[in-house]
$ cat query38.cif   # mmCIF, C-alpha atoms
data_work
loop_
_atom_site.label_atom_id
_atom_site.label_comp_id
_atom_site.auth_asym_id
_atom_site.auth_seq_id
_atom_site.Cartn_x
_atom_site.Cartn_y
_atom_site.Cartn_z
CA MET A 1 1.20 10.23 24.42
CA LYS A 2 3.51 8.22 22.16
CA VAL A 3 6.27 6.38 23.99
CA VAL A 4 9.60 4.89 22.96
CA LEU A 5 10.97 1.62 24.29
CA PRO A 6 14.42 0.10 23.77
CA ALA A 7 14.10 -2.94 21.52
CA ALA A 8 15.43 -5.27 24.22
CA GLY A 9 12.92 -3.96 26.76
CA LEU A 10 10.08 -4.23 24.28
CA ARG A 11 11.06 -7.81 23.49
CA THR A 12 11.26 -8.73 27.18
CA PHE A 13 7.91 -7.08 27.96
CA THR A 14 6.16 -8.78 25.04
CA THR A 15 7.66 -12.14 25.94
CA ALA A 16 6.34 -11.75 29.50
CA LEU A 17 2.84 -10.93 28.22
CA PHE A 18 2.67 -14.06 26.09
CA THR A 19 4.20 -16.23 28.80
CA ALA A 20 1.56 -14.96 31.24
CA ALA A 21 -1.07 -15.88 28.64
CA GLY A 22 0.05 -19.51 28.86
CA VAL A 23 2.46 -19.66 25.92
CA ALA A 24 5.60 -21.75 26.46
CA PRO A 25 8.54 -19.43 27.25
CA ASP A 26 10.52 -20.34 24.13
CA HIS A 27 7.48 -19.83 21.91
CA ALA A 28 6.67 -16.56 23.69
CA ALA A 29 10.20 -15.35 22.98
CA THR A 30 9.84 -16.31 19.31
CA ILE A 31 6.60 -14.34 18.95
CA ALA A 32 8.24 -11.36 20.66
CA ASP A 33 11.26 -11.61 18.33
CA VAL A 34 9.06 -11.47 15.23
CA LEU A 35 6.95 -8.54 16.48
CA THR A 36 10.01 -6.61 17.66
CA TRP A 37 11.76 -7.22 14.33
CA ALA A 38 8.80 -5.65 12.54
CA GLY A 39 8.77 -2.70 14.93
CA LEU A 40 12.48 -2.10 14.49
CA ARG A 41 12.08 -2.00 10.71
CA GLY A 42 9.22 0.46 10.85
CA VAL A 43 6.53 -2.09 9.96
CA ASP A 44 4.41 -0.93 12.89
CA SER A 45 1.25 -2.51 11.50
CA HIS A 46 2.86 -5.91 12.22
CA GLY A 47 4.76 -4.94 15.36
CA VAL A 48 3.55 -4.67 18.95
CA SER A 49 0.25 -3.29 17.70
CA ARG A 50 -0.57 -6.96 17.06
CA VAL A 51 -0.06 -8.02 20.68
CA PRO A 52 -3.64 -7.30 21.85
CA ARG A 53 -5.09 -9.25 18.93
CA TYR A 54 -2.71 -12.18 19.49
CA LEU A 55 -3.75 -12.27 23.14
CA GLU A 56 -7.41 -12.31 22.08
CA LEU A 57 -6.73 -15.24 19.76
CA LEU A 58 -5.03 -17.12 22.59
CA ASP A 59 -7.76 -16.30 25.12
CA SER A 60 -10.51 -17.44 22.72
CA GLY A 61 -8.69 -20.65 21.82
CA GLU A 62 -8.47 -19.71 18.13
CA ALA A 63 -4.70 -19.83 18.63
CA SER A 64 -3.15 -22.63 20.65
CA ALA A 65 -0.91 -21.58 23.53
CA ARG A 66 0.70 -25.02 23.65
CA PRO A 67 0.57 -26.39 20.09
CA SER A 68 1.94 -29.75 19.01
CA LEU A 69 4.07 -29.02 15.93
CA VAL A 70 4.35 -32.13 13.75
CA PHE A 71 6.49 -32.40 10.60
CA GLY A 72 5.61 -34.99 7.99
CA SER A 73 7.76 -35.82 4.97
CA THR A 74 7.94 -38.22 2.03
CA SER A 75 10.91 -36.51 0.32
CA PRO A 76 14.31 -35.28 1.54
CA ALA A 77 13.64 -31.77 0.22
CA VAL A 78 9.99 -31.41 1.25
CA ALA A 79 8.06 -31.39 4.50
CA VAL A 80 4.63 -30.38 5.73
CA LEU A 81 4.20 -28.88 9.17
CA ASP A 82 0.87 -29.37 10.90
CA ALA A 83 0.96 -26.35 13.18
CA ASP A 84 -1.99 -27.25 15.40
CA ARG A 85 -3.19 -23.61 15.43
CA ALA A 86 0.16 -22.30 16.63
CA PRO A 87 0.66 -18.54 16.39
CA GLY A 88 2.24 -17.78 13.03
CA PRO A 89 5.61 -16.63 14.40
CA VAL A 90 6.03 -19.99 16.13
CA ALA A 91 4.97 -22.10 13.15
CA LEU A 92 6.76 -20.18 10.40
CA THR A 93 10.00 -19.80 12.33
CA ALA A 94 10.05 -23.59 12.77
CA ALA A 95 9.22 -24.02 9.07
CA ALA A 96 11.98 -21.63 7.98
CA ASP A 97 14.55 -23.48 10.09
CA GLU A 98 13.39 -26.81 8.66
CA ALA A 99 13.65 -25.43 5.13
CA ILE A 100 17.22 -24.30 5.84
CA THR A 101 18.17 -27.74 7.15
CA ARG A 102 16.73 -29.51 4.11
CA ALA A 103 18.28 -27.05 1.66
CA ARG A 104 21.70 -27.74 3.15
CA VAL A 105 21.27 -31.39 2.16
CA SER A 106 19.20 -31.22 -1.02
CA GLY A 107 19.92 -27.77 -2.42
CA ILE A 108 16.31 -26.78 -1.85
CA GLY A 109 14.05 -27.04 1.16
CA ALA A 110 10.29 -26.63 0.80
CA VAL A 111 8.03 -26.65 3.84
CA GLY A 112 4.27 -26.32 3.65
CA VAL A 113 2.55 -25.06 6.80
CA ARG A 114 -0.98 -26.13 7.64
CA ARG A 115 -3.28 -24.61 10.29
CA THR A 116 -1.41 -21.69 11.73
CA VAL A 117 -2.86 -18.41 13.04
CA HIS A 118 -1.75 -14.98 11.77
CA THR A 119 1.71 -15.35 10.31
CA GLY A 120 3.02 -11.90 11.27
CA ALA A 121 5.67 -10.07 9.22
CA ILE A 122 6.49 -12.62 6.53
CA GLY A 123 9.79 -10.89 5.78
CA TYR A 124 11.14 -12.09 9.12
CA TYR A 125 11.16 -15.70 7.95
CA THR A 126 12.78 -15.10 4.57
CA SER A 127 15.33 -12.81 6.25
CA ARG A 128 16.11 -15.64 8.65
CA ILE A 129 16.84 -17.84 5.66
CA ALA A 130 18.96 -15.12 4.00
CA ASP A 131 20.93 -14.73 7.23
CA ALA A 132 21.88 -18.39 6.79
CA GLY A 133 23.33 -17.57 3.37
CA LEU A 134 20.40 -18.99 1.42
CA VAL A 135 17.65 -17.44 -0.69
CA GLY A 136 14.31 -17.38 1.12
CA VAL A 137 10.90 -17.37 -0.53
CA ALA A 138 7.56 -17.43 1.30
CA PHE A 139 3.88 -17.35 0.42
CA VAL A 140 0.92 -17.12 2.80
CA ALA A 141 -2.81 -17.63 2.28
CA GLY A 142 -5.42 -16.56 4.80
CA MET A 143 -9.06 -15.79 5.38
CA PRO A 144 -10.85 -13.90 2.58
CA ASN A 145 -10.82 -10.22 3.50
CA MET A 146 -10.10 -8.46 0.19
CA ALA A 147 -12.09 -7.56 -2.89
CA TYR A 148 -11.87 -9.46 -6.19
CA PRO A 149 -12.82 -7.92 -9.56
CA GLY A 150 -16.48 -8.54 -10.30
CA VAL A 151 -17.31 -9.94 -6.85
CA THR A 152 -19.46 -8.21 -4.22
CA GLY A 153 -17.85 -8.19 -0.78
CA ALA A 154 -14.68 -9.89 0.47
CA ALA A 155 -13.58 -12.72 -1.83
CA VAL A 156 -9.85 -13.46 -1.47
CA ALA A 157 -7.15 -12.84 1.14
CA THR A 158 -4.49 -10.14 1.33
CA SER A 159 -2.00 -12.97 0.92
CA PRO A 160 1.63 -11.81 1.11
CA LEU A 161 4.81 -12.79 -0.70
CA SER A 162 8.38 -12.34 0.48
CA ILE A 163 11.77 -13.02 -1.12
CA ALA A 164 15.06 -12.39 0.66
CA VAL A 165 18.47 -12.63 -1.03
CA PRO A 166 21.74 -12.38 0.92
CA ALA A 167 24.01 -9.59 -0.29
CA PRO A 168 27.58 -9.50 1.07
CA GLY A 169 28.43 -6.07 2.42
CA HIS A 170 24.81 -4.94 2.21
CA PRO A 171 21.55 -5.61 4.03
CA PRO A 172 19.75 -8.48 2.25
CA ALA A 173 17.51 -7.59 -0.65
CA LEU A 174 14.11 -8.11 0.94
CA LEU A 175 10.83 -7.97 -0.92
CA ASP A 176 7.92 -8.14 1.51
CA MET A 177 4.56 -7.29 0.00
CA ALA A 178 0.90 -8.09 0.28
CA THR A 179 -1.37 -8.66 -2.70
CA ALA A 180 -3.46 -5.76 -1.40
CA GLY A 181 -2.98 -2.06 -1.98
CA ILE A 182 -2.91 -1.57 1.79
CA ALA A 183 -2.79 -3.83 4.83
CA LEU A 184 -5.75 -4.04 7.21
CA GLY A 185 -3.42 -2.96 10.00
CA ARG A 186 -2.51 0.14 8.01
CA ILE A 187 -6.19 1.01 7.56
CA ALA A 188 -6.50 0.90 11.36
CA GLN A 189 -3.44 3.14 11.68
CA PHE A 190 -4.99 5.71 9.31
CA ARG A 191 -8.23 5.50 11.29
CA ASN A 192 -6.48 6.05 14.61
CA ALA A 193 -4.53 8.97 13.17
CA GLY A 194 -7.61 10.54 11.57
CA LYS A 195 -5.93 10.52 8.15
CA THR A 196 -7.43 9.95 4.71
CA LEU A 197 -6.55 6.69 2.93
CA PRO A 198 -4.70 6.76 -0.40
CA GLU A 199 -6.94 6.52 -3.44
CA GLY A 200 -7.68 3.05 -4.77
CA THR A 201 -6.50 1.09 -1.73
CA ALA A 202 -9.64 0.27 0.25
CA ALA A 203 -13.38 -0.28 -0.06
CA THR A 204 -16.58 -0.42 1.93
CA ALA A 205 -18.28 -3.74 2.72
CA ASP A 206 -20.03 -3.82 -0.66
CA GLY A 207 -16.83 -3.14 -2.58
CA THR A 208 -17.25 0.59 -3.18
CA PRO A 209 -13.83 2.31 -3.16
CA THR A 210 -13.35 4.81 -0.33
CA THR A 211 -10.65 6.98 1.18
CA ASP A 212 -12.46 7.24 4.53
CA PRO A 213 -10.79 4.86 7.00
CA ASN A 214 -13.95 4.85 9.11
CA LEU A 215 -15.94 3.40 6.21
CA ALA A 216 -13.23 1.10 4.84
CA THR A 217 -13.73 -2.55 5.77
CA MET A 218 -11.47 -4.28 3.27
CA PRO A 219 -8.46 -3.59 1.07
CA LEU A 220 -8.56 -3.53 -2.71
CA PRO A 221 -6.14 -5.82 -4.58
CA LEU A 222 -2.82 -4.32 -5.67
CA GLY A 223 -2.97 -3.67 -9.39
CA GLY A 224 -6.57 -4.82 -9.63
CA ALA A 225 -6.76 -8.21 -11.33
CA LYS A 226 -3.01 -8.77 -10.89
CA GLY A 227 -3.08 -8.67 -7.09
CA ALA A 228 -6.34 -10.59 -6.96
CA GLY A 229 -4.95 -13.30 -9.24
CA MET A 230 -1.78 -13.59 -7.17
CA SER A 231 -3.86 -14.07 -4.03
CA LEU A 232 -5.87 -16.84 -5.65
CA VAL A 233 -2.84 -18.80 -6.87
CA PHE A 234 -1.17 -18.37 -3.47
CA GLU A 235 -4.19 -20.19 -2.04
CA LEU A 236 -3.57 -22.99 -4.54
CA ILE A 237 0.15 -23.40 -3.75
CA THR A 238 -0.31 -23.19 0.02
CA SER A 239 -3.72 -24.20 1.35
CA VAL A 240 -4.77 -26.53 -1.44
CA LEU A 241 -1.27 -28.00 -1.74
CA VAL A 242 -1.20 -29.04 1.93
CA GLY A 243 -4.79 -30.31 1.92
CA ALA A 244 -6.28 -27.49 3.98
CA PRO A 245 -8.32 -25.30 1.58
CA ILE A 246 -9.46 -21.98 2.99
CA PHE A 247 -11.11 -20.23 0.03
CA SER A 248 -13.60 -22.95 -0.94
CA SER A 249 -14.28 -23.75 2.72
CA PHE A 250 -14.95 -20.09 3.53
CA HIS A 251 -17.33 -19.56 0.63
CA GLY A 252 -18.96 -22.99 0.83
CA ASP A 253 -21.11 -24.74 3.41
CA ASP A 254 -18.27 -25.97 5.64
CA PRO A 255 -19.34 -25.22 9.27
CA GLN A 256 -15.67 -24.56 10.06
CA GLY A 257 -15.20 -22.33 7.04
CA ARG A 258 -15.12 -19.09 9.01
CA VAL A 259 -12.71 -20.31 11.70
CA HIS A 260 -9.60 -18.13 11.52
CA ARG A 261 -6.56 -19.90 10.10
CA GLN A 262 -3.69 -19.45 7.65
CA ASN A 263 -1.41 -21.68 5.58
CA ALA A 264 2.03 -21.06 4.11
CA LEU A 265 4.80 -22.32 1.88
CA ILE A 266 8.40 -21.59 2.84
CA LEU A 267 11.29 -22.23 0.43
CA ALA A 268 15.04 -22.11 0.99
CA LEU A 269 17.40 -22.23 -2.00
CA ASP A 270 21.11 -22.95 -1.62
CA PRO A 271 23.10 -21.04 -4.28
CA ALA A 272 25.77 -23.76 -4.10
CA ALA A 273 23.30 -26.23 -5.61
CA PHE A 274 23.17 -24.07 -8.73
CA GLY A 275 26.95 -24.18 -9.15
CA GLU A 276 27.41 -20.51 -8.31
CA ALA A 277 28.29 -20.66 -4.64
CA GLU A 278 31.29 -18.33 -4.71
CA ALA A 279 30.12 -16.06 -7.52
CA PHE A 280 26.55 -15.57 -6.36
CA GLY A 281 27.13 -13.25 -3.40
CA PRO A 282 29.45 -10.84 -5.22
CA ALA A 283 27.11 -10.84 -8.22
CA VAL A 284 24.16 -9.93 -5.99
CA ALA A 285 26.16 -7.10 -4.44
CA ALA A 286 27.23 -5.88 -7.89
CA THR A 287 23.62 -5.91 -9.07
CA LEU A 288 22.48 -3.81 -6.13
CA GLU A 289 25.38 -1.39 -6.51
CA THR A 290 24.61 -1.04 -10.22
CA LEU A 291 21.03 -0.15 -9.39
CA LYS A 292 22.09 2.46 -6.87
CA GLY A 293 24.53 3.95 -9.36
CA LEU A 294 21.96 4.53 -12.11
CA PRO A 295 21.13 8.15 -13.06
CA ARG A 296 18.69 9.65 -10.57
CA ALA A 297 15.43 11.19 -11.63
CA ASP A 298 15.79 13.49 -8.60
CA GLU A 299 19.28 14.12 -7.22
CA ASP A 300 17.80 14.61 -3.75
CA VAL A 301 16.13 11.20 -3.70
CA GLU A 302 18.30 8.13 -3.09
CA ILE A 303 17.77 5.03 -5.20
CA ARG A 304 17.11 2.09 -2.91
CA TYR A 305 16.58 -1.61 -3.41
CA PRO A 306 13.83 -3.57 -1.60
CA GLY A 307 14.60 -3.90 2.10
CA GLU A 308 17.30 -1.21 2.18
CA GLY A 309 15.03 1.46 3.61
CA SER A 310 13.63 -0.73 6.37
CA ALA A 311 17.16 -1.88 7.25
CA ALA A 312 18.15 1.77 7.72
CA VAL A 313 15.10 2.31 9.94
CA ALA A 314 16.14 -0.73 11.99
CA THR A 315 19.58 0.76 12.56
CA ARG A 316 18.09 4.04 13.78
CA ARG A 317 15.47 2.42 15.98
CA ALA A 318 18.00 0.00 17.46
CA ALA A 319 19.82 3.05 18.78
CA ALA A 320 16.89 5.34 19.62
CA GLY A 321 14.19 2.83 20.56
CA VAL A 322 10.93 1.66 19.01
CA PRO A 323 8.03 4.14 19.09
CA VAL A 324 4.65 2.83 20.23
CA ALA A 325 1.43 4.67 19.35
CA PRO A 326 -0.66 6.00 22.28
CA LYS A 327 -3.63 3.70 21.61
CA VAL A 328 -1.40 0.64 21.38
CA TRP A 329 0.51 1.58 24.53
CA ALA A 330 -2.76 2.00 26.43
CA GLU A 331 -3.90 -1.46 25.27
CA LEU A 332 -0.58 -3.01 26.29
CA GLN A 333 -0.86 -1.46 29.75
CA VAL A 334 -4.36 -2.93 30.17
CA ALA A 335 -3.10 -6.34 29.03
CA ALA A 336 -0.18 -6.15 31.45
CA ALA A 337 -2.41 -5.21 34.39
CA LYS A 338 -4.78 -8.07 33.59
CA ARG A 339 -1.94 -10.59 33.61
CA GLY A 340 0.18 -9.13 36.40
CA VAL A 341 3.08 -8.25 34.11
CA PRO A 342 5.25 -5.27 35.13
CA VAL A 343 5.21 -2.38 32.67
CA PRO A 344 8.68 -1.25 31.60
CA ALA A 345 9.90 2.30 31.93
CA VAL A 346 9.40 4.32 28.77
CA ASN A 347 10.58 7.54 27.21
CA PRO A 348 7.59 9.78 26.36
CA VAL A 349 7.88 11.75 23.11
#
$ encode --input "query38.cif" --output "structure tokens"
Amino acid sequence: MKVVLPAAGLRTFTTALFTAAGVAPDHAATIADVLTWAGLRGVDSHGVSRVPRYLELLDSGEASARPSLVFGSTSPAVAVLDADRAPGPVALTAAADEAITRARVSGIGAVGVRRTVHTGAIGYYTSRIADAGLVGVAFVAGMPNMAYPGVTGAAVATSPLSIAVPAPGHPPALLDMATAGIALGRIAQFRNAGKTLPEGTAATADGTPTTDPNLATMPLPLGGAKGAGMSLVFELITSVLVGAPIFSSFHGDDPQGRVHRQNALILALDPAAFGEAEAFGPAVAATLETLKGLPRADEDVEIRYPGEGSAAVATRRAAAGVPVAPKVWAELQVAAAKRGVPVPAVNPV
């Protein structure tokens, strides 16, 4: 039975679960904010479905419940955050806020993030920057779990990219994409729903393409060599840049090479530093309106810019509640019982 929870109730419930798992209350609330944001926007693969896995990471010690976040810097515009295995929502929210602060002073703020654990919906962090009136850009590199042309088995990560641009009078333009044709979480959703995967999005362990979600163990890169190449360079400008390589460690003889971790680079750009402070916002809005006014290939299909559709979903779900799949709801109930957390009332659908 699928259930629907009000966003506020879902956020409170999730916060309580992470607090009961030993996470500091403010950090627990941050994780809940990121997961609820994803659920509101219809990105269910990165919403509360991630709670059980996050709790596993905390229980095993792969993620730190009480991390020591340390910023280091040798330049006014640049910082590196050693996240001490903090859950991604905690580390990247702190990095985004630091990037905003530095961009206000220097016109650009760049924050590298080292040693975090599952970054969550990357669009949350760039949207946070856009909400501050700045342009947000983010890259993430993680553990190899995706095919690479010519390689047998998993070679590179499904490393995502996000860009958010504030647009007066409109939801921000928000590009949030992985370098894979499908997210691992989406493969699980197809498996749970008993549905066939889209062609060319996933493969078996030896790299053979498949549409069977029960056989699929890894995604295929988006656009073949293009997505694979993007993933590799994202590793270079995140992990290698902050002195915490993942790719070479994973495929080499490093005894810690298979320990789960992720790295990131968060950028904030202040339009005022480019001399277009007053003109930028209206020009962005005009660009988006021009796009939406172009001749339609199908009069029944609206032309939308990146992020517009998910913003509309967020508006609907903010009013109607966030749906939670039966399997996920059952797992959340088990987690709540284990930790003595009350289960909120829900609306079955």
$ resolve_selection --input "query38.cif" --expression "the PyMOL selection byres ((chain A and resi 112) around 6)" --output "list in words"
Val80, Val111, Val113, Ala264 and Leu265 of chain A
$ closest_atom_pairs --input "query38.cif" --of "stretch 94-126 of chain A" --to "stretch 247-262 of chain A" --cutoff "7 Å" --atoms "all atoms listed in the file" --output "JSON lines"
{"residue": "A:Arg115", "atom": "CA", "partner": "A:Arg261", "partner_atom": "CA", "distance": 5.7}
{"residue": "A:Thr116", "atom": "CA", "partner": "A:Gln262", "partner_atom": "CA", "distance": 5.2}
{"residue": "A:Val117", "atom": "CA", "partner": "A:Arg261", "partner_atom": "CA", "distance": 5.0}
{"residue": "A:His118", "atom": "CA", "partner": "A:Gln262", "partner_atom": "CA", "distance": 6.4}
$ write_last_selection --input "query38.cif" --atoms "C-alpha atoms" --output "compact mmCIF listing (two decimals), in the frame of the given file"
# COMPACT_ATOMS: atom_id res chain seq x y z
CA ARG A 115 -3.28 -24.61 10.29
CA THR A 116 -1.41 -21.69 11.73
CA VAL A 117 -2.86 -18.41 13.04
CA HIS A 118 -1.75 -14.98 11.77
$ axis_aligned_box --input "query38.cif" --around "stretch 204-223 of chain A" --padding-each-side "6 Å" --output "lines of an AutoDock Vina configuration file"
center_x = -11.4
center_y = 0.7
center_z = -0.1
size_x = 29.2
size_y = 25.1
size_z = 30.5
$ closest_residue --input "query38.cif" --among "A:Pro271, A:Gly194, A:Gly72, A:Pro209" --to "A:Ala132" --atoms "all atoms listed in the file"
A:Pro271
$ resolve_selection --input "query38.cif" --expression "the PyMOL selection byres ((chain A and resi 42) around 8)" --output "list of chain:residue names"
A:Ala38, A:Gly39, A:Leu40, A:Arg41, A:Val43, A:Asp44, A:Ser310, A:Val313, A:Ala314
$ write_last_selection --input "query38.cif" --atoms "C-alpha atoms" --output "PDB file, keeping the file's coordinate frame"
ATOM      1  CA  ALA A  38       8.800  -5.650  12.540  1.00  0.00           C
ATOM      2  CA  GLY A  39       8.770  -2.700  14.930  1.00  0.00           C
ATOM      3  CA  LEU A  40      12.480  -2.100  14.490  1.00  0.00           C
ATOM      4  CA  ARG A  41      12.080  -2.000  10.710  1.00  0.00           C
ATOM      5  CA  VAL A  43       6.530  -2.090   9.960  1.00  0.00           C
ATOM      6  CA  ASP A  44       4.410  -0.930  12.890  1.00  0.00           C
ATOM      7  CA  SER A 310      13.630  -0.730   6.370  1.00  0.00           C
ATOM      8  CA  VAL A 313      15.100   2.310   9.940  1.00  0.00           C
ATOM      9  CA  ALA A 314      16.140  -0.730  11.990  1.00  0.00           C
TER      10      ALA A 314
END
$ resolve_selection --input "query38.cif" --expression "the PyMOL selection byres ((chain A and resi 175) around 7)" --output "ChimeraX atom specification"
/A:162-164,173-174,176-177,306-307
$ decode --input "query38.cif" --residues "stretch 15-37 of chain A" --atoms "N, CA and C atoms" --output "tab-separated table (two decimals), in the first residue's frame"
chain	number	residue	atom	x	y	z
A	15	THR	N	13.94	13.41	10.30
A	15	THR	CA	14.87	14.03	11.25
A	15	THR	C	14.97	13.20	12.52
A	16	ALA	N	13.83	12.72	13.01
A	16	ALA	CA	13.81	11.91	14.24
A	16	ALA	C	14.57	10.60	14.05
A	17	LEU	N	14.44	9.99	12.86
A	17	LEU	CA	15.15	8.74	12.60
A	17	LEU	C	16.66	8.94	12.65
A	18	PHE	N	17.14	10.02	12.03
A	18	PHE	CA	18.58	10.26	12.01
A	18	PHE	C	19.10	10.71	13.39
A	19	THR	N	18.28	11.46	14.10
A	19	THR	CA	18.67	11.86	15.46
A	19	THR	C	18.80	10.62	16.35
A	20	ALA	N	17.86	9.71	16.21
A	20	ALA	CA	17.89	8.47	17.00
A	20	ALA	C	19.09	7.60	16.62
A	21	ALA	N	19.60	7.79	15.40
A	21	ALA	CA	20.77	7.03	14.95
A	21	ALA	C	22.08	7.67	15.42
A	22	GLY	N	21.98	8.76	16.19
A	22	GLY	CA	23.16	9.38	16.76
A	22	GLY	C	23.65	10.62	16.05
A	23	VAL	N	22.92	11.05	15.01
A	23	VAL	CA	23.31	12.25	14.27
A	23	VAL	C	22.91	13.48	15.08
A	24	ALA	N	23.77	14.50	15.08
A	24	ALA	CA	23.44	15.75	15.77
A	24	ALA	C	22.14	16.31	15.22
A	25	PRO	N	21.27	16.87	16.07
A	25	PRO	CA	19.96	17.32	15.61
A	25	PRO	C	19.99	18.26	14.41
A	26	ASP	N	20.94	19.21	14.39
A	26	ASP	CA	20.98	20.14	13.26
A	26	ASP	C	21.41	19.43	11.98
A	27	HIS	N	22.32	18.48	12.09
A	27	HIS	CA	22.73	17.71	10.92
A	27	HIS	C	21.61	16.78	10.47
A	28	ALA	N	20.88	16.20	11.43
A	28	ALA	CA	19.75	15.33	11.09
A	28	ALA	C	18.70	16.11	10.31
A	29	ALA	N	18.45	17.34	10.74
A	29	ALA	CA	17.47	18.19	10.06
A	29	ALA	C	17.94	18.54	8.65
A	30	THR	N	19.24	18.75	8.48
A	30	THR	CA	19.78	19.05	7.15
A	30	THR	C	19.60	17.87	6.20
A	31	ILE	N	19.91	16.67	6.68
A	31	ILE	CA	19.73	15.47	5.85
A	31	ILE	C	18.26	15.34	5.47
A	32	ALA	N	17.37	15.53	6.44
A	32	ALA	CA	15.94	15.42	6.17
A	32	ALA	C	15.49	16.47	5.16
A	33	ASP	N	16.02	17.68	5.24
A	33	ASP	CA	15.67	18.74	4.29
A	33	ASP	C	16.02	18.33	2.86
A	34	VAL	N	17.23	17.78	2.69
A	34	VAL	CA	17.68	17.40	1.35
A	34	VAL	C	16.82	16.26	0.79
A	35	LEU	N	16.55	15.24	1.60
A	35	LEU	CA	15.75	14.11	1.14
A	35	LEU	C	14.31	14.52	0.87
A	36	THR	N	13.76	15.39	1.70
A	36	THR	CA	12.39	15.85	1.49
A	36	THR	C	12.29	16.72	0.25
A	37	TRP	N	13.30	17.55	0.03
A	37	TRP	CA	13.35	18.39	-1.18
A	37	TRP	C	13.27	17.51	-2.43
